[in-house]
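Shown next: protein.csv, containing CSV, C-alpha atoms.
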```csv
chain,number,residue,atom,x,y,z
A,5,MET,CA,17.8,29.2,37.5
A,6,ALA,CA,19.6,29.3,34.3
A,7,THR,CA,17.9,31.2,31.5
A,8,ALA,CA,18.2,31.7,27.7
A,9,THR,CA,20.9,34.3,28.3
A,10,THR,CA,22.9,32.4,30.9
A,11,PRO,CA,24.5,29.0,30.3
A,12,GLN,CA,23.2,25.9,32.0
A,13,PRO,CA,25.5,25.0,34.9
A,14,THR,CA,27.4,21.8,34.9
A,15,ARG,CA,29.0,19.8,37.7
A,16,GLN,CA,32.3,21.5,36.8
A,17,ASP,CA,30.8,24.8,37.7
A,18,TYR,CA,30.5,23.5,41.2
A,19,HIS,CA,34.0,22.3,41.5
A,20,VAL,CA,36.7,24.3,43.3
A,21,GLU,CA,40.5,23.8,43.4
A,22,TYR,CA,40.9,24.0,47.2
A,23,PRO,CA,42.8,21.1,48.8
A,24,ASN,CA,40.5,18.6,50.5
A,25,ASP,CA,41.7,17.0,53.8
A,26,TRP,CA,39.0,14.3,54.3
A,27,CYS,CA,40.4,10.8,54.9
A,28,PRO,CA,40.7,8.5,51.8
A,29,GLY,CA,37.4,6.5,51.4
A,30,CYS,CA,35.4,8.9,53.5
A,31,GLY,CA,31.7,9.0,52.6
A,32,ASP,CA,31.8,12.8,52.6
A,33,PHE,CA,33.3,12.6,49.1
A,34,GLY,CA,30.2,10.8,47.7
A,35,ILE,CA,27.9,13.3,49.4
A,36,LEU,CA,29.8,16.3,48.1
A,37,SER,CA,29.7,14.8,44.5
A,38,ALA,CA,26.0,14.3,44.8
A,39,VAL,CA,25.4,17.9,46.0
A,40,GLN,CA,27.4,19.2,43.1
A,41,GLN,CA,25.5,17.1,40.5
A,42,ALA,CA,22.1,17.8,42.1
A,43,LEU,CA,22.6,21.6,42.0
A,44,ALA,CA,23.8,21.5,38.4
A,45,ALA,CA,20.9,19.3,37.4
A,46,LEU,CA,18.4,21.8,39.0
A,47,GLN,CA,20.1,24.5,36.8
A,48,LEU,CA,20.9,26.5,39.9
A,49,LEU,CA,23.7,29.0,39.5
A,50,PRO,CA,26.2,29.2,42.4
A,51,HIS,CA,25.1,32.7,43.5
A,52,GLN,CA,21.5,31.4,43.9
A,53,VAL,CA,22.6,28.9,46.6
A,54,ALA,CA,23.7,29.3,50.2
A,55,LEU,CA,25.3,26.4,51.9
A,56,PHE,CA,25.5,26.4,55.7
A,57,GLY,CA,27.9,24.0,57.5
A,58,GLY,CA,28.1,22.8,61.1
A,59,ILE,CA,31.2,21.8,63.0
A,60,GLY,CA,32.9,18.6,62.1
A,61,CYS,CA,34.3,16.9,59.0
A,62,SER,CA,31.1,17.4,57.2
A,63,GLY,CA,31.0,21.1,57.9
A,64,LYS,CA,34.1,21.6,55.7
A,65,ALA,CA,31.9,20.9,52.7
A,66,VAL,CA,31.1,24.6,52.5
A,67,TYR,CA,34.7,25.2,51.4
A,68,TYR,CA,34.4,22.8,48.5
A,69,LEU,CA,31.5,24.4,46.7
A,70,PRO,CA,31.5,27.9,45.0
A,71,THR,CA,28.2,28.9,46.4
A,72,TYR,CA,27.7,31.2,49.3
A,73,GLY,CA,29.3,29.3,52.1
A,74,ILE,CA,28.8,29.9,55.8
A,75,HIS,CA,30.7,27.8,58.4
A,76,THR,CA,28.6,28.2,61.6
A,77,LEU,CA,28.8,27.4,65.3
A,78,HIS,CA,28.6,23.9,66.7
A,79,GLY,CA,25.0,22.7,66.7
A,80,ARG,CA,23.7,26.0,65.3
A,81,VAL,CA,23.6,25.4,61.6
A,82,LEU,CA,19.8,25.3,61.4
A,83,PRO,CA,19.1,28.7,63.0
A,84,TYR,CA,21.7,30.3,60.6
A,85,ALA,CA,20.1,28.6,57.6
A,86,THR,CA,16.6,29.6,58.8
A,87,GLY,CA,17.6,33.2,59.1
A,88,ALA,CA,19.0,33.3,55.6
A,89,LYS,CA,15.9,31.7,54.0
A,90,LEU,CA,13.6,34.1,55.8
A,91,ALA,CA,15.7,37.1,54.9
A,92,ASN,CA,15.9,36.0,51.2
A,93,PRO,CA,13.1,33.6,50.2
A,94,ASP,CA,14.4,33.4,46.6
A,95,LEU,CA,17.7,31.8,47.8
A,96,THR,CA,18.1,28.0,47.7
A,97,VAL,CA,19.3,27.2,51.3
A,98,ILE,CA,21.0,23.9,52.2
A,99,ALA,CA,22.2,23.1,55.8
A,100,ILE,CA,24.7,20.3,56.2
A,101,GLY,CA,26.2,18.8,59.3
A,102,GLY,CA,27.1,15.6,61.1
A,103,ASP,CA,25.1,13.4,63.4
A,104,GLY,CA,26.9,14.8,66.5
A,105,ASP,CA,26.5,18.4,65.4
A,106,GLY,CA,22.8,18.0,64.5
A,107,LEU,CA,21.6,15.4,67.1
A,108,GLY,CA,23.9,16.1,70.0
A,109,ILE,CA,24.5,19.7,70.8
A,110,GLY,CA,22.1,20.8,68.0
A,111,ALA,CA,19.2,18.5,68.9
A,112,GLY,CA,17.1,21.4,70.3
A,113,HIS,CA,17.4,23.3,67.1
A,114,PHE,CA,16.7,20.2,65.1
A,115,VAL,CA,13.3,19.8,66.9
A,116,ASN,CA,12.3,23.5,66.8
A,117,THR,CA,13.2,23.9,63.2
A,118,GLY,CA,10.7,21.1,62.5
A,119,ARG,CA,7.9,23.1,64.0
A,120,ARG,CA,8.2,25.9,61.4
A,121,ASN,CA,8.4,24.1,58.1
A,122,VAL,CA,10.8,26.6,56.6
A,123,ASP,CA,11.5,25.9,52.9
A,124,LEU,CA,15.1,24.6,53.2
A,125,THR,CA,17.0,21.3,53.0
A,126,TYR,CA,19.0,19.7,55.8
A,127,ILE,CA,21.4,17.0,54.9
A,128,LEU,CA,22.8,15.1,57.8
A,129,PHE,CA,26.1,13.1,57.4
A,130,ASN,CA,25.4,10.0,59.5
A,131,ASN,CA,28.4,7.9,60.3
A,132,ALA,CA,27.7,7.3,64.1
A,133,ILE,CA,30.9,8.8,65.3
A,134,TYR,CA,32.6,12.1,65.9
A,135,GLY,CA,35.3,11.9,63.2
A,136,LEU,CA,36.9,15.3,63.6
A,137,THR,CA,37.6,14.7,67.3
A,138,LYS,CA,39.0,11.2,66.8
A,139,GLY,CA,36.1,8.8,67.0
A,140,GLN,CA,33.9,9.3,70.0
A,141,ALA,CA,30.4,7.8,70.0
A,142,ALA,CA,27.8,10.0,68.2
A,143,PRO,CA,24.1,10.0,69.0
A,144,THR,CA,23.3,7.5,66.3
A,145,LEU,CA,25.6,4.8,67.5
A,146,PRO,CA,23.6,1.9,69.1
A,147,LEU,CA,23.8,1.0,72.8
A,148,GLY,CA,26.6,-1.5,73.5
A,149,ALA,CA,28.4,-0.9,70.2
A,150,GLN,CA,32.2,-0.6,70.3
A,151,THR,CA,34.2,0.6,67.4
A,152,LYS,CA,38.0,0.4,67.2
A,153,SER,CA,38.3,3.9,68.6
A,154,PHE,CA,36.5,3.0,71.9
A,155,PRO,CA,38.2,1.4,75.0
A,156,GLU,CA,34.8,0.1,76.0
A,157,PRO,CA,31.3,-0.2,74.5
A,158,THR,CA,29.0,2.8,74.5
A,159,ILE,CA,26.6,3.0,77.4
A,160,GLN,CA,24.2,5.4,75.8
A,161,GLY,CA,21.3,4.6,73.5
A,162,ALA,CA,20.9,5.8,69.9
A,163,ILE,CA,18.7,8.5,68.5
A,164,ASN,CA,16.6,7.5,65.5
A,165,PRO,CA,16.9,10.7,63.4
A,166,LEU,CA,14.1,9.7,61.0
A,167,MET,CA,11.7,9.3,63.9
A,168,LEU,CA,12.9,12.5,65.5
A,169,ALA,CA,12.3,14.3,62.2
A,170,LEU,CA,8.8,12.9,61.9
A,171,ALA,CA,7.9,13.8,65.5
A,172,SER,CA,9.3,17.3,65.0
A,173,GLY,CA,7.2,18.1,61.9
A,174,TYR,CA,9.6,17.8,59.0
A,175,THR,CA,7.4,17.5,55.9
A,176,TRP,CA,9.9,15.7,53.7
A,177,ILE,CA,12.0,12.8,55.2
A,178,GLY,CA,14.4,10.7,53.2
A,179,ARG,CA,17.5,8.5,53.6
A,180,GLY,CA,20.4,7.9,51.2
A,181,TYR,CA,23.8,6.2,51.2
A,182,ALA,CA,27.0,8.1,50.5
A,183,TYR,CA,28.4,5.4,48.1
A,184,HIS,CA,25.2,5.3,46.0
A,185,VAL,CA,25.9,8.6,44.5
A,186,ARG,CA,23.4,8.4,41.6
A,187,HIS,CA,20.5,7.7,43.9
A,188,LEU,CA,21.7,10.3,46.3
A,189,VAL,CA,21.7,12.9,43.5
A,190,GLU,CA,18.0,12.2,42.9
A,191,LEU,CA,17.1,12.4,46.6
A,192,ILE,CA,18.9,15.8,47.0
A,193,GLN,CA,17.0,17.2,44.0
A,194,ARG,CA,13.7,16.0,45.4
A,195,ALA,CA,14.5,17.4,48.8
A,196,ILE,CA,15.3,20.8,47.4
A,197,ARG,CA,12.2,20.9,45.2
A,198,HIS,CA,10.0,20.1,48.2
A,199,PRO,CA,8.1,23.3,49.2
A,200,GLY,CA,8.9,23.0,52.9
A,201,LEU,CA,11.4,21.6,55.4
A,202,ALA,CA,13.3,18.6,54.0
A,203,TYR,CA,15.5,16.3,56.1
A,204,LEU,CA,17.8,13.9,54.3
A,205,ASP,CA,19.7,11.4,56.4
A,206,VAL,CA,22.8,10.1,54.6
A,207,LEU,CA,24.4,6.9,55.9
A,208,GLN,CA,28.1,6.8,55.4
A,209,PRO,CA,31.1,4.7,56.4
A,210,CYS,CA,34.0,6.3,58.4
A,211,PRO,CA,36.9,4.1,57.3
A,212,THR,CA,39.2,5.7,59.9
A,213,TYR,CA,37.2,5.2,63.2
A,214,ASN,CA,34.0,3.2,62.6
A,215,ASP,CA,34.9,-0.4,61.8
A,216,LEU,CA,31.4,-1.6,62.5
A,217,HIS,CA,29.3,0.1,59.8
A,218,THR,CA,31.8,-0.4,56.9
A,219,LYS,CA,31.3,-0.5,53.2
A,220,ASP,CA,31.2,-4.3,53.4
A,221,TRP,CA,28.7,-4.2,56.2
A,222,PHE,CA,26.3,-2.1,54.2
A,223,ALA,CA,26.8,-4.5,51.3
A,224,GLY,CA,25.8,-7.4,53.6
A,225,LYS,CA,29.0,-9.4,53.1
A,226,ASP,CA,28.7,-10.7,56.7
A,227,LEU,CA,25.2,-12.0,56.1
A,228,ALA,CA,24.6,-15.7,55.3
A,229,ALA,CA,22.7,-14.8,52.1
A,230,GLY,CA,25.3,-12.2,51.1
A,231,GLN,CA,22.6,-9.7,50.2
A,232,ALA,CA,23.0,-6.0,50.6
A,233,ARG,CA,21.3,-4.5,53.7
A,234,LEU,CA,20.3,-1.4,51.7
A,235,TYR,CA,17.2,-1.5,49.4
A,236,ASP,CA,15.3,1.1,47.4
A,237,LEU,CA,11.8,1.9,48.7
A,238,GLU,CA,10.6,3.1,45.3
A,239,GLN,CA,11.4,-0.3,43.7
A,240,GLU,CA,9.1,-1.9,46.2
A,241,GLY,CA,6.2,0.3,45.3
A,242,TYR,CA,6.3,2.4,48.5
A,243,ASP,CA,4.3,5.7,48.2
A,244,PRO,CA,5.4,8.4,50.7
A,245,VAL,CA,3.2,11.2,49.4
A,246,ILE,CA,0.5,12.9,51.6
A,247,PRO,CA,-1.4,15.1,49.1
A,248,ALA,CA,-2.8,18.5,49.9
A,249,GLY,CA,-6.3,18.1,51.3
A,250,ALA,CA,-5.7,14.6,52.6
A,251,ASP,CA,-8.0,13.5,55.5
A,252,ASP,CA,-6.8,12.6,59.0
A,253,LYS,CA,-6.9,8.9,58.3
A,254,MET,CA,-4.6,9.2,55.2
A,255,VAL,CA,-2.1,11.3,57.2
A,256,PHE,CA,-2.1,8.8,60.0
A,257,ASP,CA,-1.6,5.8,57.7
A,258,LYS,CA,1.2,7.5,55.8
A,259,MET,CA,3.0,8.5,59.0
A,260,THR,CA,2.5,4.9,60.3
A,261,GLN,CA,4.2,3.4,57.3
A,262,CYS,CA,7.0,6.0,57.7
A,263,ILE,CA,7.5,4.8,61.3
A,264,ALA,CA,7.7,1.2,60.2
A,265,LYS,CA,10.4,1.9,57.6
A,266,ALA,CA,12.3,4.3,60.0
A,267,HIS,CA,12.7,1.4,62.4
A,268,GLU,CA,14.2,-1.1,59.9
A,269,TRP,CA,17.8,-1.8,60.8
A,270,GLY,CA,20.2,-4.7,61.0
A,271,GLU,CA,19.7,-6.9,58.0
A,272,ARG,CA,17.3,-4.6,56.1
A,273,ILE,CA,17.7,-0.8,55.7
A,274,ALA,CA,15.4,1.3,53.6
A,275,LEU,CA,16.7,4.1,51.3
A,276,GLY,CA,14.5,6.6,49.5
A,277,VAL,CA,11.8,9.1,50.4
A,278,LEU,CA,9.9,7.9,53.5
A,279,LEU,CA,7.5,10.9,53.8
A,280,GLU,CA,6.4,13.8,51.6
A,281,ASN,CA,3.7,15.8,53.2
A,282,HIS,CA,1.9,18.5,51.2
A,283,THR,CA,-0.8,19.3,53.8
A,284,LEU,CA,1.1,22.1,55.7
A,285,SER,CA,1.9,25.6,54.6
A,286,SER,CA,5.5,26.8,54.7
A,287,PHE,CA,6.7,29.3,57.4
A,288,GLN,CA,7.2,31.9,54.7
A,289,GLU,CA,3.6,31.6,53.6
A,290,ARG,CA,2.5,32.1,57.2
A,291,LEU,CA,4.7,35.1,57.6
A,292,GLY,CA,3.2,36.6,54.4
A,293,THR,CA,-0.2,36.3,55.9
A,294,ARG,CA,0.8,37.9,59.2
A,295,LEU,CA,3.0,40.6,57.7
A,296,LYS,CA,1.7,41.9,54.3
A,297,SER,CA,4.9,43.7,53.5
A,298,TYR,CA,7.0,40.5,53.8
A,299,ARG,CA,6.0,39.1,50.4
A,300,GLN,CA,6.9,42.2,48.4
A,301,ALA,CA,9.9,43.3,50.5
A,302,PRO,CA,11.5,40.6,52.6
A,303,PRO,CA,14.6,41.9,54.5
A,304,ALA,CA,17.1,41.0,51.8
A,305,ARG,CA,15.3,43.3,49.3
A,306,ARG,CA,15.1,46.3,51.5
A,307,THR,CA,17.3,49.3,51.2
A,308,ILE,CA,19.1,49.8,54.5
A,309,ALA,CA,21.6,52.6,53.6
A,310,ASN,CA,21.9,55.5,51.2
A,311,ALA,CA,24.8,56.2,48.8
A,312,LEU,CA,26.9,57.6,51.7
A,313,GLY,CA,26.3,54.4,53.8
A,314,HIS,CA,24.0,56.2,56.2
A,315,PRO,CA,21.2,53.9,57.5
A,316,THR,CA,17.8,54.5,56.0
A,317,THR,CA,15.9,51.8,57.8
A,318,GLY,CA,12.7,52.6,59.6
A,319,LEU,CA,10.7,50.3,61.7
A,320,SER,CA,7.5,52.4,61.9
A,321,ALA,CA,5.7,50.4,59.2
A,322,LEU,CA,6.5,47.1,60.8
A,323,PHE,CA,5.4,48.4,64.2
A,324,SER,CA,2.1,49.6,62.6
A,325,GLU,CA,1.5,46.1,61.2
A,326,LEU,CA,2.1,44.5,64.6
A,327,ALA,CA,0.3,47.0,66.7
A,328,VAL,CA,-2.5,45.7,68.9
A,329,THR,CA,-5.6,47.8,68.6
```
Using the file provided, produce a representation of the structure as structure tokens.
Amino acid sequence: MATATTPQPTRQDYHVEYPNDWCPGCGDFGILSAVQQALAALQLLPHQVALFGGIGCSGKAVYYLPTYGIHTLHGRVLPYATGAKLANPDLTVIAIGGDGDGLGIGAGHFVNTGRRNVDLTYILFNNAIYGLTKGQAAPTLPLGAQTKSFPEPTIQGAINPLMLALASGYTWIGRGYAYHVRHLVELIQRAIRHPGLAYLDVLQPCPTYNDLHTKDWFAGKDLAAGQARLYDLEQEGYDPVIPAGADDKMVFDKMTQCIAKAHEWGERIALGVLLENHTLSSFQERLGTRLKSYRQAPPARRTIANALGHPTTGLSALFSELAVT
């Protein structure tokens, strides 16, 4: 965080001069802008943030921010991000990736990361196609859909990422829209502030390959009433919070309302925070209970070499803590 001796960061501090090769009109631009604004609003300095990217158009975002940036393997962004957060709990860790990266080859990691409730934020760029490899069907494209890049309709069903996040154990679940940047900035801030695992699904058009879910489609211009499909849950009085100490009935009721909103599609699509669960401890807290040395000296704070570069690490203390007596 910025202090009295360090200037408060601005969006400009999160801007880099590297050339950007995303297609004109791509929703990635809106998401990148929202991330830049959110980090500045949270007064986080670039060296306090680590951004992990998957493979795909979205994964290139790590090059367009001056934070620590790690471009990982296909489908493996969450294990990399998890390792960084556990090694350095003080670091603000954000994982980003596309729907194919996270829900196709990376689906197993998506589920198992949810079991741990690590304090990090996962932003999924959801455009229903594989943009980098020329428009194949991604796991979020509905059965029978046919974009202009397909010779025939898809014969596979779609994954509902909000439902999968809920079933896997994510304790903060939200949805935004790439062209509603101001609202997206607020959602990203709330996701980062959440003391646990946050999943933010961001709907976005792909003007190059997906001619079904276009900007006009999200705006509802094909509907008889001409009303936008997207609406803000908060404006309708929706309350996603499960407070600490909530009983089983409240937890069940809140999850049930999350399920109902997660299934809305077609003429009405919810944006905002669907679930904010404060009843579970974070994985770091659980580690601190199991390994007493973790809280005072997580891996990133430990001296591993002397002035000559010779290793000084010793595992005897760790083995003593884990010993079964």
Quick one: of A:Ala232, A:Arg120, A:Asp251, A:Pro211, who's nearest to Pro28 (chain A), counting all atoms listed in the file? A:Pro211
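Counting from CA of Ala309 (chain A), the distance to CA of His51 (chain A) is 22.6 Å.
If only C-alpha atoms are the atoms counted, then among A:Leu237, A:Val122, A:Asn131, A:Ala171 the closest residue to Glu268 (chain A) is A:Leu237.
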Would you pick out the contacts of Thr14 (chain A) at 10 Å or less, using only C-alpha atoms, so that residues sharing its chain but fewer than 2 positions from it are not included, and give the list as a VMD selection string? chain A and resid 11 to 12 16 to 19 40 to 49
Test item: which residues lie within 6 Å of (12.9, 18.5, 57.6) counting all atoms listed in the file, as JSON, numbers by chain: {"A": [118, 174, 175, 176, 201, 202, 203]}
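Compared by their closest atoms to Ile177 (chain A), and using only C-alpha atoms, the residues A:Met259, A:Ala228, A:Ala248, A:Cys61 rank with A:Met259 nearest.
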Give me, as a Markdown table, each residue of region 94-152 of chain A that comes within 12 Å of region 72-75 of chain A, together with its shortest interatomic pair and the distance in Å at one decimal, counting only C-alpha atoms, with rows ordered by chain and rising residue number.
```
| residue | atom | partner | partner_atom | distance |
| --- | --- | --- | --- | --- |
| A:Leu95 | CA | A:Tyr72 | CA | 10.1 |
| A:Thr96 | CA | A:Tyr72 | CA | 10.2 |
| A:Val97 | CA | A:Tyr72 | CA | 9.5 |
| A:Ile98 | CA | A:Gly73 | CA | 9.9 |
| A:Ala99 | CA | A:Ile74 | CA | 9.5 |
| A:Ile100 | CA | A:His75 | CA | 9.9 |
| A:Gly101 | CA | A:His75 | CA | 10.1 |
```
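Using only C-alpha atoms, the contacts of Gly173 (chain A) at a cut-off of 12 Å, with sequence neighbours closer than 6 positions omitted, comprise Phe114, Val115, Asn116, Thr117, Gly118, Arg119, Arg120, Asn121, Val122, Leu166, Met167, Gly200, Leu201, Ala202, Tyr203, Met259, Leu279, Glu280, Asn281, His282, Thr283, Leu284, Ser285 and Ser286 of chain A.
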Which neighbours of Thr144 (chain A) fall inside 6 Å, counting only C-alpha atoms, when residues of the same chain fewer than 4 positions from it are skipped, and could you give them as a PyMOL selection string? chain A and resi 132+162-163
